[in-house]
Amino acid sequence: MADPLDHYLTWRLYRGELDIELDFADAQLDEPALTANAARLEAALDALHRIEGGAVANVDEGRMVGHYWLRDPERAPDPALSQAIQASWNQIEAFAEGVRGGQILADDGRPFTGAILVGIGGSALGPQLLEAALTARDSGPGFSLRVLDNTDPAGIADLLAETGTLAQTLILVVSKSGSTVETRNGMLELRAACARQAIEFPKRAIAITSEGSTLDQLAEREGWLARFPMWDWVGGRTSVLSPVGLLPAALLGHDWRALLRGAAAMDQWGRVRPARRNPAALLAWMWHQQGSGHGLRDMVILPYKDRLSLMSRYLQQLVMESLGKRLDRQGREVWQGLAVYGNKGSTDQHAYVQQLRDGLHNFFAVFVRVLRDLDGPANGPGAVEVEPQVSSGDCLDGFYQGTRAALAERGRASATIVLREVSATSVGALIALFERAVGIYAELIDVNAYHQPGVEAGKKAAQGVLVLQTAVLAALPGSGGKTCRELADALGTDPVAVWQVLRHLASNGRVSVDSLVDPATAQFARAT
Ligand SMILES: O=P(O)(O)OC[C@H]1O[C@H](O)[C@H](O)[C@@H](O)[C@@H]1O
């Protein structure tokens, strides 16, 4: 058995500039496998180098992959792109300072006190992660951010109820494509809410979208308060360090430039050769080894810090939308992927860690350990002695160490990312680490990590349901009822599809029906 300290030091990567450690001592990596795969890992790092140089790595959409340039604009292959990024920073700084300094006021002359961000997927998850990770809840009546990330009327009603008056609320509409249905719906719901409150939507609306998109054209036509750019060489799931995440962070008063510095510093570390000394390469190789290059084991994300509890939701999109692909780049059917779940420790020890320890060995864990218990002075909750000379934070860190050891004892692998504290710098670094690990892993399994063909099928099918709904409502009899089957026969379609549409309409009072129980006998009368 190797000396524990030698083993720890062998598999520990530390970067002083970031004060971040990657601890692979329980990752079950081994030198022979790394040596045997050195060439493919170096090749993957070569590919990332080409990507950062402007290679069209998103081959299916003929696009470059430029999220690394967002924190190092001079690295972009075209000076115009560098200038566009710098210009967006100047615009973010000027706008956020204007709002926070009171130069940019609501149309009633009073300052804006909060924002609602309307977006979904990469247009919401990044801002949500940053807001949760960086906003000290003791910040008093500071600027607030709420996120509307679904087309659920009840969720929208809840958010509007929580917000109350929209008079002092900015409305950020975020959509790279500018045409995502849920985001459009959220915008229309908020526009209607503004009308109900007799305030003007455009005077508090901000668009963050691709130039010339439907949303961009609307914002320009209506003279919205501001428009910020998104670029086709930044994917939604890697847009958090574009205006998508940086504007909300700046409005909240966070050090958004430190986010960029942290990401840039991690990128620099992620360029280190050989791969054996590269944090992103080792993380990607761990994923590959644990899942035999086919995601046969899930990745459980376990930050032992409340403020990082959204990491797993954020990484679900970054990892699974990048790697979950039917075809590889040679056109072979590979049905690839890497499933991600998690929440936070120690909370999850009271949920599913039982299975992790005693059950199916179909996962590996990535812990995030934060050494500082509190942002401010230690005379807060952390100073309470819960046991003699023991604080709450001591217990949290003990639970991390104990859970890691208990899993290792049963042969379950884990890696740990150790942060001194949760800060803009360290969060920026975390984001960059996983973005690069995803890129390297994608090279190892030969998939395009930068498109998302699979999401279109669901969207098209959903549109079909709405087309059917319109036809059903038009076909409902003027008087007397029709069964699903009669309606389906009249429309030449599937009676079950008709039933599914009608039961939702009937449950919401849009059609009258004599029974919502039995589709064979349910008689539907005209739309109400
Ligand atoms: O930003 P948008 O164009 O509105 O897209 C929002 C989301 O839509 C789709 O689900 C894509 O798969 C995601 O990558 C994207 O983040």
# chains A, B, ... in the order shown; residues from 1 in each chain; ligands from 1
>>> residues_around(residues="segment 175-177 of chain A", least_positions_apart="2", cutoff="12 Å", atoms="only C-alpha atoms", output="PyMOL selection string")
chain A and resi 117-124+149+172-173+179-184+186-187+206-217+227-240+242-244
>>> write_last_selection(atoms="N, CA and C atoms", output="tab-separated table (two decimals), in the first residue's frame")
chain	number	residue	atom	x	y	z
A	117	LEU	N	-35.21	38.12	-15.10
A	117	LEU	CA	-34.57	37.58	-16.30
A	117	LEU	C	-35.50	36.51	-16.87
A	118	VAL	N	-35.84	36.67	-18.14
A	118	VAL	CA	-36.67	35.67	-18.85
A	118	VAL	C	-35.76	34.93	-19.81
A	119	GLY	N	-35.60	33.65	-19.58
A	119	GLY	CA	-34.73	32.85	-20.44
A	119	GLY	C	-34.88	31.40	-20.06
A	120	ILE	N	-34.19	30.54	-20.78
A	120	ILE	CA	-34.28	29.10	-20.49
A	120	ILE	C	-33.00	28.42	-20.96
A	121	GLY	N	-32.69	27.27	-20.41
A	121	GLY	CA	-31.45	26.58	-20.77
A	121	GLY	C	-30.25	27.46	-20.46
A	122	GLY	N	-29.34	27.53	-21.45
A	122	GLY	CA	-28.12	28.32	-21.21
A	122	GLY	C	-28.41	29.80	-21.01
A	123	SER	N	-29.61	30.24	-21.38
A	123	SER	CA	-29.95	31.66	-21.21
A	123	SER	C	-30.52	31.95	-19.84
A	124	ALA	N	-30.56	30.93	-18.99
A	124	ALA	CA	-31.04	31.15	-17.62
A	124	ALA	C	-30.12	30.48	-16.58
A	149	ASP	N	-38.01	30.94	-15.99
A	149	ASP	CA	-37.35	30.01	-16.93
A	149	ASP	C	-38.28	28.89	-17.37
A	172	LEU	N	-35.05	41.54	-18.30
A	172	LEU	CA	-34.01	41.07	-19.23
A	172	LEU	C	-34.58	39.88	-20.00
A	173	VAL	N	-34.73	40.02	-21.30
A	173	VAL	CA	-35.21	38.93	-22.14
A	173	VAL	C	-33.99	38.35	-22.85
A	179	SER	N	-35.99	33.18	-30.54
A	179	SER	CA	-37.29	32.61	-30.93
A	179	SER	C	-37.74	31.45	-30.06
A	180	THR	N	-37.10	31.24	-28.93
A	180	THR	CA	-37.49	30.12	-28.05
A	180	THR	C	-38.88	30.37	-27.47
A	181	VAL	N	-39.75	29.38	-27.62
A	181	VAL	CA	-41.18	29.56	-27.29
A	181	VAL	C	-41.36	29.97	-25.83
A	182	GLU	N	-40.69	29.25	-24.92
A	182	GLU	CA	-40.90	29.54	-23.49
A	182	GLU	C	-40.50	30.98	-23.17
A	183	THR	N	-39.42	31.43	-23.77
A	183	THR	CA	-38.94	32.79	-23.49
A	183	THR	C	-39.88	33.82	-24.10
A	184	ARG	N	-40.35	33.56	-25.31
A	184	ARG	CA	-41.36	34.44	-25.92
A	184	ARG	C	-42.59	34.53	-25.05
A	186	GLY	N	-42.80	34.00	-21.83
A	186	GLY	CA	-42.49	34.77	-20.61
A	186	GLY	C	-42.50	36.25	-20.89
A	187	MET	N	-41.96	36.63	-22.04
A	187	MET	CA	-41.94	38.06	-22.41
A	187	MET	C	-43.38	38.58	-22.57
A	206	ILE	N	-34.84	44.86	-21.65
A	206	ILE	CA	-33.49	44.72	-22.20
A	206	ILE	C	-33.45	43.41	-22.95
A	207	ALA	N	-32.89	43.44	-24.15
A	207	ALA	CA	-32.75	42.20	-24.94
A	207	ALA	C	-31.29	41.79	-24.95
A	208	ILE	N	-31.06	40.50	-24.69
A	208	ILE	CA	-29.72	39.92	-24.85
A	208	ILE	C	-29.91	38.79	-25.86
A	209	THR	N	-29.46	39.03	-27.08
A	209	THR	CA	-29.80	38.11	-28.17
A	209	THR	C	-28.85	38.32	-29.34
A	210	SER	N	-28.94	37.45	-30.31
A	210	SER	CA	-28.09	37.55	-31.49
A	210	SER	C	-28.54	38.74	-32.34
A	211	GLU	N	-27.59	39.40	-32.94
A	211	GLU	CA	-27.92	40.56	-33.78
A	211	GLU	C	-28.85	40.12	-34.91
A	212	GLY	N	-29.92	40.87	-35.08
A	212	GLY	CA	-30.85	40.57	-36.17
A	212	GLY	C	-31.87	39.49	-35.87
A	213	SER	N	-31.82	38.93	-34.67
A	213	SER	CA	-32.83	37.90	-34.33
A	213	SER	C	-34.22	38.55	-34.24
A	214	THR	N	-35.24	37.71	-34.20
A	214	THR	CA	-36.61	38.23	-34.07
A	214	THR	C	-36.71	39.12	-32.84
A	215	LEU	N	-36.09	38.66	-31.77
A	215	LEU	CA	-36.11	39.42	-30.52
A	215	LEU	C	-35.36	40.74	-30.70
A	216	ASP	N	-34.22	40.68	-31.36
A	216	ASP	CA	-33.41	41.89	-31.56
A	216	ASP	C	-34.19	42.92	-32.38
A	217	GLN	N	-34.86	42.43	-33.43
A	217	GLN	CA	-35.64	43.33	-34.28
A	217	GLN	C	-36.79	43.97	-33.50
A	227	ARG	N	-29.98	46.85	-25.63
A	227	ARG	CA	-29.79	45.58	-26.32
A	227	ARG	C	-28.33	45.18	-26.16
A	228	PHE	N	-28.11	43.91	-25.77
A	228	PHE	CA	-26.75	43.39	-25.61
A	228	PHE	C	-26.55	42.22	-26.55
A	229	PRO	N	-25.33	42.00	-27.03
A	229	PRO	CA	-25.11	41.00	-28.08
A	229	PRO	C	-24.89	39.59	-27.56
A	230	MET	N	-25.28	38.63	-28.40
A	230	MET	CA	-24.81	37.24	-28.30
A	230	MET	C	-24.26	36.89	-29.67
A	231	TRP	N	-23.32	35.94	-29.71
A	231	TRP	CA	-22.64	35.64	-30.96
A	231	TRP	C	-22.81	34.17	-31.34
A	232	ASP	N	-22.80	33.88	-32.60
A	232	ASP	CA	-23.07	32.48	-33.02
A	232	ASP	C	-21.92	31.56	-32.64
A	233	TRP	N	-20.76	32.14	-32.29
A	233	TRP	CA	-19.63	31.28	-31.92
A	233	TRP	C	-19.59	31.04	-30.39
A	234	VAL	N	-20.69	31.40	-29.73
A	234	VAL	CA	-20.83	31.05	-28.30
A	234	VAL	C	-22.12	30.24	-28.15
A	235	GLY	N	-22.01	29.03	-27.69
A	235	GLY	CA	-23.20	28.20	-27.49
A	235	GLY	C	-23.96	28.65	-26.27
A	236	GLY	N	-25.26	28.33	-26.21
A	236	GLY	CA	-26.06	28.72	-25.06
A	236	GLY	C	-25.48	28.20	-23.76
A	237	ARG	N	-25.00	26.95	-23.79
A	237	ARG	CA	-24.54	26.33	-22.54
A	237	ARG	C	-23.14	26.79	-22.14
A	238	THR	N	-22.53	27.60	-22.99
A	238	THR	CA	-21.23	28.18	-22.63
A	238	THR	C	-21.27	29.70	-22.72
A	239	SER	N	-22.47	30.26	-22.48
A	239	SER	CA	-22.64	31.72	-22.66
A	239	SER	C	-22.61	32.49	-21.35
A	240	VAL	N	-22.39	31.81	-20.24
A	240	VAL	CA	-22.51	32.49	-18.94
A	240	VAL	C	-21.50	33.64	-18.81
A	242	SER	N	-20.60	35.56	-21.23
A	242	SER	CA	-20.98	36.60	-22.21
A	242	SER	C	-21.95	37.52	-21.48
A	243	PRO	N	-22.55	38.51	-22.15
A	243	PRO	CA	-23.52	39.37	-21.44
A	243	PRO	C	-24.64	38.59	-20.77
A	244	VAL	N	-24.90	37.36	-21.21
A	244	VAL	CA	-25.96	36.53	-20.60
A	244	VAL	C	-25.76	36.43	-19.09
>>> residues_around(residues="segment 295-310 of chain A", least_positions_apart="3", cutoff="6 Å", atoms="only C-alpha atoms", output="list in words")
Leu129, Ala132, Ala133, Gly291, Arg313, Gly337, Leu338, Ala339, Val340, Tyr341, Gly342, Asn343, Lys344, Gly345, Asn362, Phe363, Phe364, Ala365, Val366, Phe367, Val368 and Arg369 of chain A
>>> closest_residue(among="A:Val65, A:Ala43, A:Met286, A:Val511", to="Leu29 of chain A", atoms="only C-alpha atoms")
A:Met286
>>> residues_around(residues="Asn37 of chain A", least_positions_apart="6", cutoff="10 Å", atoms="only C-alpha atoms", output="list in words")
Glu31, Ala43, Ala275 and Trp285 of chain A
>>> write_last_selection(atoms="N, CA and C atoms", output="short mmCIF file (atom, residue, chain, number, x, y, z; two decimals), in the first residue's frame")
data_model
loop_
_atom_site.label_atom_id
_atom_site.label_comp_id
_atom_site.auth_asym_id
_atom_site.auth_seq_id
_atom_site.Cartn_x
_atom_site.Cartn_y
_atom_site.Cartn_z
N GLU A 31 -0.95 5.52 -13.35
CA GLU A 31 0.08 5.97 -14.29
C GLU A 31 0.14 5.12 -15.55
N ALA A 43 -3.35 14.63 -28.02
CA ALA A 43 -4.08 14.98 -29.26
C ALA A 43 -5.33 15.79 -28.92
N ALA A 275 -0.48 16.29 -20.41
CA ALA A 275 -1.85 16.12 -19.91
C ALA A 275 -1.84 15.68 -18.45
N TRP A 285 -10.19 12.57 -18.28
CA TRP A 285 -9.75 11.18 -18.34
C TRP A 285 -10.42 10.34 -17.26
#
>>> select_by_dssp(residues="segment 299-481 of chain A", states="alpha helix (DSSP H)", output="PyMOL selection string")
chain A and resi 311-315+322-323+353-358+392-409+424-445+454-475
>>> atom_distance(atom1="atom CA of His288 of chain A", atom2="atom CA of Ala264 of chain A")
25.1 Å
